[in-house]
Amino acid sequence: MLYVIVEEHSGILLNIYRCLSNAKYNVISNKFGKRDGDGKPYVELEIEQGKLPLPPSLEGEILNIKGCTDILYEKPLSSNKNTTQNNTSKPETLQKEIKATCKEIIDNFQNIGNIVQSFSQRYQMADKSNHIYALGHTVGSTVYELEYSLGKPLKLEAAL
């Protein structure tokens with residue numbers, strides 16, 4: 001089973017389905033539930049057998065969906081506040097950190113290695129790849145919006 005902790009947004013299930021479908025994952029069934037303890041809503045998804053865990057890149061795509069805050073492979077019984085306060089951020093704080101780091105990367109593109117390394121050192125190993133993927137996705141989207149979507153030619157060096 002795949003469990004996605006969510007905030008209540010209309011269309012969130014459709015966006016999760018779209019992301020999984022684009023990656024050739026077949027969802028057999030779904031249902032919503034509430035986590036014991038803090039009452040956070042989650043979506044329980046039964047995925048075609050043998051397809052879990054998701055690759056980190058796909059986890060990152062799902063976590064970039066507005067309202068998706070975490071991915072678990074065991075039923076979420078309660079929040080684990082002690083571990084989340086040690087080295088990981090709340091979703092709102094993480095998004096602010098990603099946006100700030102994105103701006104820093106775009107403003108100082110020649111020094112991207114140091115910026116990304118500094119960003120990644122703030123997180124536990126288990127969260128690091130998802131957060132770096134989310135950062136890369138945000139930087140790419142921002143560069144696209146700033147440079148390309150307005151009709152301005154995007155140079156290959158800038159896109160990379």
# chains A, B, ... in the order shown; residues from 1 in each chain; ligands from 1
>>> closest_atom_pairs(of="region 90-145 of chain A", to="region 64-68 of chain A", cutoff="12 Å", atoms="only C-alpha atoms", output="Markdown table")
| residue | atom | partner | partner_atom | distance |
| --- | --- | --- | --- | --- |
| A:Lys90 | CA | A:Cys68 | CA | 11.9 |
| A:Pro91 | CA | A:Cys68 | CA | 8.8 |
| A:Glu92 | CA | A:Gly67 | CA | 10.1 |
| A:Leu94 | CA | A:Asn64 | CA | 11.2 |
| A:Gln95 | CA | A:Asn64 | CA | 9.3 |
| A:Ile98 | CA | A:Asn64 | CA | 11.0 |
| A:Asn130 | CA | A:Asn64 | CA | 9.5 |
| A:His131 | CA | A:Asn64 | CA | 9.6 |
| A:Ile132 | CA | A:Asn64 | CA | 11.5 |
| A:Tyr133 | CA | A:Asn64 | CA | 9.3 |
| A:Ala134 | CA | A:Asn64 | CA | 6.4 |
| A:Leu135 | CA | A:Asn64 | CA | 9.6 |
| A:Gly136 | CA | A:Asn64 | CA | 10.9 |
| A:His137 | CA | A:Asn64 | CA | 8.3 |
| A:Thr138 | CA | A:Asn64 | CA | 8.7 |
| A:Ser141 | CA | A:Asn64 | CA | 11.5 |
>>> write_last_selection(atoms="N, CA and C atoms", output="PDB file, in the first residue's frame")
ATOM      1  N   LYS A  90       8.647  21.233   8.651  1.00  0.00           N
ATOM      2  CA  LYS A  90       7.234  21.117   8.327  1.00  0.00           C
ATOM      3  C   LYS A  90       7.081  21.470   6.855  1.00  0.00           C
ATOM      4  N   PRO A  91       6.026  20.955   6.188  1.00  0.00           N
ATOM      5  CA  PRO A  91       5.863  21.215   4.752  1.00  0.00           C
ATOM      6  C   PRO A  91       5.863  22.703   4.403  1.00  0.00           C
ATOM      7  N   GLU A  92       5.231  23.544   5.232  1.00  0.00           N
ATOM      8  CA  GLU A  92       5.188  24.975   4.923  1.00  0.00           C
ATOM      9  C   GLU A  92       6.589  25.573   4.992  1.00  0.00           C
ATOM     10  N   LEU A  94       9.430  23.903   4.706  1.00  0.00           N
ATOM     11  CA  LEU A  94      10.220  23.321   3.626  1.00  0.00           C
ATOM     12  C   LEU A  94       9.973  24.071   2.319  1.00  0.00           C
ATOM     13  N   GLN A  95       8.723  24.365   2.007  1.00  0.00           N
ATOM     14  CA  GLN A  95       8.415  25.094   0.775  1.00  0.00           C
ATOM     15  C   GLN A  95       9.065  26.475   0.778  1.00  0.00           C
ATOM     16  N   ILE A  98      12.744  25.940   0.140  1.00  0.00           N
ATOM     17  CA  ILE A  98      12.978  25.606  -1.262  1.00  0.00           C
ATOM     18  C   ILE A  98      12.885  26.861  -2.123  1.00  0.00           C
ATOM     19  N   ASN A 130      14.432  13.494  -1.812  1.00  0.00           N
ATOM     20  CA  ASN A 130      13.136  14.098  -2.144  1.00  0.00           C
ATOM     21  C   ASN A 130      13.217  15.622  -2.123  1.00  0.00           C
ATOM     22  N   HIS A 131      13.907  16.168  -1.134  1.00  0.00           N
ATOM     23  CA  HIS A 131      13.997  17.617  -1.008  1.00  0.00           C
ATOM     24  C   HIS A 131      14.861  18.217  -2.125  1.00  0.00           C
ATOM     25  N   ILE A 132      15.938  17.530  -2.474  1.00  0.00           N
ATOM     26  CA  ILE A 132      16.782  18.019  -3.569  1.00  0.00           C
ATOM     27  C   ILE A 132      16.025  17.931  -4.887  1.00  0.00           C
ATOM     28  N   TYR A 133      15.264  16.850  -5.077  1.00  0.00           N
ATOM     29  CA  TYR A 133      14.446  16.734  -6.287  1.00  0.00           C
ATOM     30  C   TYR A 133      13.438  17.882  -6.343  1.00  0.00           C
ATOM     31  N   ALA A 134      12.776  18.160  -5.219  1.00  0.00           N
ATOM     32  CA  ALA A 134      11.792  19.252  -5.175  1.00  0.00           C
ATOM     33  C   ALA A 134      12.469  20.589  -5.488  1.00  0.00           C
ATOM     34  N   LEU A 135      13.681  20.780  -4.969  1.00  0.00           N
ATOM     35  CA  LEU A 135      14.429  22.010  -5.257  1.00  0.00           C
ATOM     36  C   LEU A 135      14.729  22.108  -6.750  1.00  0.00           C
ATOM     37  N   GLY A 136      15.212  21.025  -7.352  1.00  0.00           N
ATOM     38  CA  GLY A 136      15.513  21.034  -8.790  1.00  0.00           C
ATOM     39  C   GLY A 136      14.282  21.291  -9.627  1.00  0.00           C
ATOM     40  N   HIS A 137      13.177  20.696  -9.244  1.00  0.00           N
ATOM     41  CA  HIS A 137      11.908  20.904  -9.959  1.00  0.00           C
ATOM     42  C   HIS A 137      11.488  22.373  -9.866  1.00  0.00           C
ATOM     43  N   THR A 138      11.626  22.951  -8.683  1.00  0.00           N
ATOM     44  CA  THR A 138      11.251  24.351  -8.482  1.00  0.00           C
ATOM     45  C   THR A 138      12.161  25.285  -9.277  1.00  0.00           C
ATOM     46  N   SER A 141      11.260  24.954 -13.003  1.00  0.00           N
ATOM     47  CA  SER A 141       9.975  25.614 -13.279  1.00  0.00           C
ATOM     48  C   SER A 141      10.122  27.132 -13.269  1.00  0.00           C
TER      49      SER A 141
END
>>> select_by_dssp(residues="region 24-142 of chain A", states="helix (DSSP H, G or I)", output="ChimeraX atom specification")
/A:56-63,81-87,91-107,109-120,125-142
>>> select_by_dssp(residues="region 9-46 of chain A", states="strand (DSSP E or B)", output="PyMOL selection string")
chain A and resi 27-34+41-46
>>> closest_residue(among="A:Val116, A:Ser129, A:Ile16, A:Glu104", to="Pro55 (chain A)", atoms="only C-alpha atoms")
A:Ser129
>>> atom_distance(atom1="CA of Asn22 (chain A)", atom2="CA of Glu7 (chain A)")
22.4 Å
>>> atom_distance(atom1="CA of Asn108 (chain A)", atom2="CA of Lys96 (chain A)")
18.2 Å
>>> atom_distance(atom1="CA of Val143 (chain A)", atom2="CA of Phe109 (chain A)")
11.1 Å
>>> residues_around(residues="Pro53 (chain A)", least_positions_apart="5", cutoff="12 Å", atoms="only C-alpha atoms", output="list in words")
Met1, Leu2, Tyr3, Tyr25, Glu46, Ile47, Glu48, Leu58, Glu59, Ile71, Leu72, Tyr73 and Glu74 of chain A
>>> write_last_selection(atoms="N, CA and C atoms", output="tab-separated table (two decimals), in the first residue's frame")
chain	number	residue	atom	x	y	z
A	1	MET	N	0.84	-1.19	0.00
A	1	MET	CA	0.00	0.00	0.00
A	1	MET	C	0.88	1.25	0.00
A	2	LEU	N	0.35	2.26	-0.61
A	2	LEU	CA	0.99	3.57	-0.64
A	2	LEU	C	0.07	4.53	0.10
A	3	TYR	N	0.63	5.30	1.02
A	3	TYR	CA	-0.15	6.27	1.78
A	3	TYR	C	0.45	7.65	1.54
A	25	TYR	N	2.09	3.66	-13.42
A	25	TYR	CA	1.64	2.94	-12.23
A	25	TYR	C	0.14	2.77	-12.30
A	46	GLU	N	-3.91	1.50	-3.34
A	46	GLU	CA	-3.43	0.15	-3.63
A	46	GLU	C	-2.87	0.18	-5.05
A	47	ILE	N	-1.58	-0.08	-5.14
A	47	ILE	CA	-0.87	-0.03	-6.41
A	47	ILE	C	-0.65	-1.45	-6.90
A	48	GLU	N	-0.63	-1.61	-8.21
A	48	GLU	CA	-0.37	-2.91	-8.81
A	48	GLU	C	0.83	-3.57	-8.13
A	58	LEU	N	9.84	9.93	-8.50
A	58	LEU	CA	8.38	9.94	-8.51
A	58	LEU	C	7.84	10.41	-7.16
A	59	GLU	N	8.49	10.00	-6.07
A	59	GLU	CA	8.09	10.50	-4.76
A	59	GLU	C	8.19	12.03	-4.74
A	71	ILE	N	4.91	10.80	2.11
A	71	ILE	CA	4.62	9.51	1.49
A	71	ILE	C	5.09	8.43	2.45
A	72	LEU	N	4.21	7.46	2.71
A	72	LEU	CA	4.52	6.35	3.61
A	72	LEU	C	4.15	5.04	2.93
A	73	TYR	N	4.74	3.96	3.40
A	73	TYR	CA	4.43	2.64	2.87
A	73	TYR	C	3.79	1.75	3.92
A	74	GLU	N	3.59	2.29	5.11
A	74	GLU	CA	2.86	1.61	6.17
A	74	GLU	C	1.75	2.54	6.62
